[in-house]
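Coordinates from query13.pdb are shown below (PDB, C-alpha atoms).
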ATOM      1  CA  MET V1019     -17.334  61.190-139.683  1.00  0.00           C
ATOM      2  CA  LYS V1020     -16.893  63.892-137.036  1.00  0.00           C
ATOM      3  CA  ASN V1021     -17.496  61.351-134.278  1.00  0.00           C
ATOM      4  CA  ILE V1022     -14.759  59.056-135.599  1.00  0.00           C
ATOM      5  CA  ARG V1023     -12.277  61.925-135.758  1.00  0.00           C
ATOM      6  CA  LYS V1024     -13.211  63.015-132.242  1.00  0.00           C
ATOM      7  CA  LEU V1025     -12.762  59.474-130.897  1.00  0.00           C
ATOM      8  CA  ARG V1026      -9.328  59.269-132.542  1.00  0.00           C
ATOM      9  CA  GLN V1027      -8.337  62.577-130.964  1.00  0.00           C
ATOM     10  CA  ILE V1028      -9.453  61.399-127.524  1.00  0.00           C
ATOM     11  CA  SER V1029      -7.682  58.076-128.099  1.00  0.00           C
ATOM     12  CA  ASN V1030      -4.472  59.905-128.990  1.00  0.00           C
ATOM     13  CA  GLY V1031      -4.840  62.012-125.861  1.00  0.00           C
ATOM     14  CA  TYR V1032      -5.001  58.870-123.727  1.00  0.00           C
ATOM     15  CA  TYR V1033      -2.008  57.464-125.626  1.00  0.00           C
ATOM     16  CA  ASN V1034      -0.026  60.620-124.852  1.00  0.00           C
ATOM     17  CA  LEU V1035      -1.064  60.364-121.208  1.00  0.00           C
ATOM     18  CA  GLY V1036       0.016  56.712-121.123  1.00  0.00           C
ATOM     19  CA  LEU V1037       3.348  57.583-122.716  1.00  0.00           C
ATOM     20  CA  SER V1038       3.920  60.351-120.190  1.00  0.00           C
ATOM     21  CA  LEU V1039       3.038  58.064-117.285  1.00  0.00           C
ATOM     22  CA  ALA V1040       5.339  55.353-118.650  1.00  0.00           C
ATOM     23  CA  ASN V1041       8.179  57.862-118.816  1.00  0.00           C
ATOM     24  CA  GLU V1042       7.493  58.681-115.163  1.00  0.00           C
ATOM     25  CA  ARG V1043       7.605  54.914-114.416  1.00  0.00           C
ATOM     26  CA  ASN V1044       3.968  54.905-113.289  1.00  0.00           C
ATOM     27  CA  LEU V1045       3.335  51.718-115.231  1.00  0.00           C
ATOM     28  CA  SER V1046      -0.027  50.654-113.806  1.00  0.00           C
ATOM     29  CA  SER V1047      -1.606  54.015-114.573  1.00  0.00           C
ATOM     30  CA  ALA V1048       0.020  53.996-118.006  1.00  0.00           C
ATOM     31  CA  LEU V1049      -1.596  50.624-118.756  1.00  0.00           C
ATOM     32  CA  ASN V1050      -4.992  51.996-117.746  1.00  0.00           C
ATOM     33  CA  ALA V1051      -4.630  55.032-120.022  1.00  0.00           C
ATOM     34  CA  LEU V1052      -3.431  52.895-122.930  1.00  0.00           C
ATOM     35  CA  SER V1053      -6.273  50.409-122.579  1.00  0.00           C
ATOM     36  CA  ILE V1054      -8.739  53.299-122.731  1.00  0.00           C
ATOM     37  CA  SER V1055      -6.874  54.594-125.778  1.00  0.00           C
ATOM     38  CA  PHE V1056      -7.208  51.446-127.859  1.00  0.00           C
ATOM     39  CA  GLY V1057     -10.668  50.881-126.429  1.00  0.00           C
ATOM     40  CA  LEU V1058     -11.721  54.103-128.139  1.00  0.00           C
ATOM     41  CA  ASP V1059      -9.768  53.413-131.336  1.00  0.00           C
ATOM     42  CA  LYS V1060      -8.903  49.775-131.916  1.00  0.00           C
ATOM     43  CA  ASN V1061      -6.535  50.828-134.703  1.00  0.00           C
ATOM     44  CA  ASN V1062      -4.288  52.841-132.383  1.00  0.00           C
ATOM     45  CA  ILE V1063      -1.205  50.751-133.072  1.00  0.00           C
ATOM     46  CA  ASP V1064       1.140  52.925-131.010  1.00  0.00           C
ATOM     47  CA  ALA V1065      -1.025  52.443-127.923  1.00  0.00           C
ATOM     48  CA  ARG V1066      -1.165  48.667-128.400  1.00  0.00           C
ATOM     49  CA  ASN V1067       2.584  48.405-128.912  1.00  0.00           C
ATOM     50  CA  LEU V1068       3.405  50.534-125.869  1.00  0.00           C
ATOM     51  CA  TYR V1069       0.905  48.508-123.841  1.00  0.00           C
ATOM     52  CA  GLY V1070       2.790  45.371-124.872  1.00  0.00           C
ATOM     53  CA  LEU V1071       6.151  46.875-123.958  1.00  0.00           C
ATOM     54  CA  ILE V1072       4.932  47.825-120.504  1.00  0.00           C
ATOM     55  CA  GLN V1073       3.368  44.405-119.967  1.00  0.00           C
ATOM     56  CA  PHE V1074       6.652  42.801-121.009  1.00  0.00           C
ATOM     57  CA  GLU V1075       8.619  44.990-118.618  1.00  0.00           C
ATOM     58  CA  MET V1076       6.251  44.086-115.794  1.00  0.00           C
ATOM     59  CA  GLY V1077       6.895  40.385-116.456  1.00  0.00           C
ATOM     60  CA  GLU V1078       3.608  39.664-118.235  1.00  0.00           C
ATOM     61  CA  GLU V1079       5.118  38.197-121.396  1.00  0.00           C
ATOM     62  CA  ALA V1080       1.927  36.415-122.460  1.00  0.00           C
ATOM     63  CA  LYS V1081      -0.129  39.624-122.285  1.00  0.00           C
ATOM     64  CA  ALA V1082       2.586  41.480-124.200  1.00  0.00           C
ATOM     65  CA  LEU V1083       2.559  38.798-126.886  1.00  0.00           C
ATOM     66  CA  ILE V1084      -1.225  39.019-127.232  1.00  0.00           C
ATOM     67  CA  SER V1085      -1.063  42.797-127.600  1.00  0.00           C
ATOM     68  CA  TRP V1086       1.627  42.621-130.282  1.00  0.00           C
ATOM     69  CA  VAL V1087      -0.127  39.863-132.228  1.00  0.00           C
ATOM     70  CA  ILE V1088      -3.336  41.912-132.300  1.00  0.00           C
ATOM     71  CA  SER V1089      -1.306  44.925-133.414  1.00  0.00           C
ATOM     72  CA  ILE V1090       0.295  42.991-136.271  1.00  0.00           C
ATOM     73  CA  ASN V1091      -3.089  41.604-137.343  1.00  0.00           C
ATOM     74  CA  ILE V1092      -4.434  45.158-137.592  1.00  0.00           C
ATOM     75  CA  LYS V1093      -1.381  46.512-139.426  1.00  0.00           C
ATOM     76  CA  PRO V1094       0.732  43.694-140.889  1.00  0.00           C
ATOM     77  CA  THR V1095       3.359  45.829-142.647  1.00  0.00           C
ATOM     78  CA  GLY V1096       5.571  48.509-141.190  1.00  0.00           C
ATOM     79  CA  ASN V1097       4.614  47.657-137.631  1.00  0.00           C
ATOM     80  CA  GLN V1098       7.203  47.998-134.864  1.00  0.00           C
ATOM     81  CA  ALA V1099       5.611  45.051-133.037  1.00  0.00           C
ATOM     82  CA  GLN V1100       7.270  42.711-135.553  1.00  0.00           C
ATOM     83  CA  ASN V1101      10.615  43.669-134.019  1.00  0.00           C
ATOM     84  CA  TYR V1102       9.335  43.034-130.492  1.00  0.00           C
ATOM     85  CA  LEU V1103       8.262  39.499-131.331  1.00  0.00           C
TER      86      LEU V1103
END
Write out the structure in this file as structure tokens.
Amino acid sequence: MKNIRKLRQISNGYYNLGLSLANERNLSSALNALSISFGLDKNNIDARNLYGLIQFEMGEEAKALISWVISINIKPTGNQAQNYL
């Protein structure tokens, strides 16, 4: 149980890093941080959704769509990705 909590904390740290990098318009580095984030915690919906938004902004609509569909499959209700689709 401690390991799961620790992985979620590290995942959230990478999400925060990705969000900060996205705000600085360093999109490639933000994508790397976000992919690490949901690699550590597949249920990190915020990281998946932000990843999709960045992919969409970079012109990778198909990759954005995949990210949002995965996000909705993990959390079908109350998920911001429904608005993006």
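Atom to atom, CA of Ser1038 in chain V and CA of Ile1072 in chain V stand 12.6 Å apart.
Counting only C-alpha atoms, the residue from V:Lys1020, V:Lys1060, V:Lys1093, V:Arg1043 that sits nearest to Glu1075 in chain V is V:Arg1043.
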(message) Given all atoms listed in the file as the basis, pick out the residue of V:Gln1098, V:Glu1042, V:Tyr1032, V:Phe1074 nearest to Ser1055 in chain V.
(response) V:Tyr1032
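Using the PyMOL selection byres ((chain V and resi 1082) around 9) on this structure selects Asn1067, Tyr1069, Gly1070, Leu1071, Ile1072, Gln1073, Phe1074, Glu1075, Gly1077, Glu1078, Glu1079, Ala1080, Lys1081, Leu1083, Ile1084, Ser1085, Trp1086 and Val1087 of chain V.
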Residues of the last selection are to be written out with C-alpha atoms, as a short mmCIF file (atom, residue, chain, number, x, y, z; two decimals), in the frame of the given file.
data_model
loop_
_atom_site.label_atom_id
_atom_site.label_comp_id
_atom_site.auth_asym_id
_atom_site.auth_seq_id
_atom_site.Cartn_x
_atom_site.Cartn_y
_atom_site.Cartn_z
CA ASN V 1067 2.58 48.40 -128.91
CA TYR V 1069 0.90 48.51 -123.84
CA GLY V 1070 2.79 45.37 -124.87
CA LEU V 1071 6.15 46.88 -123.96
CA ILE V 1072 4.93 47.82 -120.50
CA GLN V 1073 3.37 44.40 -119.97
CA PHE V 1074 6.65 42.80 -121.01
CA GLU V 1075 8.62 44.99 -118.62
CA GLY V 1077 6.90 40.38 -116.46
CA GLU V 1078 3.61 39.66 -118.24
CA GLU V 1079 5.12 38.20 -121.40
CA ALA V 1080 1.93 36.42 -122.46
CA LYS V 1081 -0.13 39.62 -122.28
CA LEU V 1083 2.56 38.80 -126.89
CA ILE V 1084 -1.23 39.02 -127.23
CA SER V 1085 -1.06 42.80 -127.60
CA TRP V 1086 1.63 42.62 -130.28
CA VAL V 1087 -0.13 39.86 -132.23
#
(message) One decimal, in Å: what's the spacing between CA of Ala1051 in chain V and CA of Gly1036 in chain V?
(response) 5.1 Å
(request) Would you mind telling me which residue in V:Ser1046, V:Thr1095, V:Asn1101, V:Asn1034 lies nearest to Asp1064 in chain V when using all atoms listed in the file? (result) V:Asn1034
(request) Measuring atom to atom with all atoms listed in the file, identify which of V:Ile1092, V:Arg1023, V:Ala1040, V:Leu1103 is nearest to Leu1068 in chain V. (result) V:Ala1040
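Minimum atom-to-atom distances from V:Asn1097, V:Asn1021, V:Asn1091, V:Asn1030 to Leu1052 in chain V were compared using all atoms listed in the file, and the lowest value belongs to V:Asn1030.
What separates CA of Leu1049 in chain V from CA of Gln1100 in chain V is a distance of 20.6 Å.
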(request) Extract, using all atoms listed in the file, all DNA, RNA and protein residues at most 7 Å from Phe1056 in chain V, discarding same-chain residues fewer than 6 positions from it, and format them as an MDAnalysis selection string. (result) chainID V and resid 1029 1062 1065:1066
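Here the question is which of V:Met1076, V:Leu1035, V:Ile1063, V:Ile1028 gets nearest to Ile1088 in chain V using only C-alpha atoms, and that residue is V:Ile1063.
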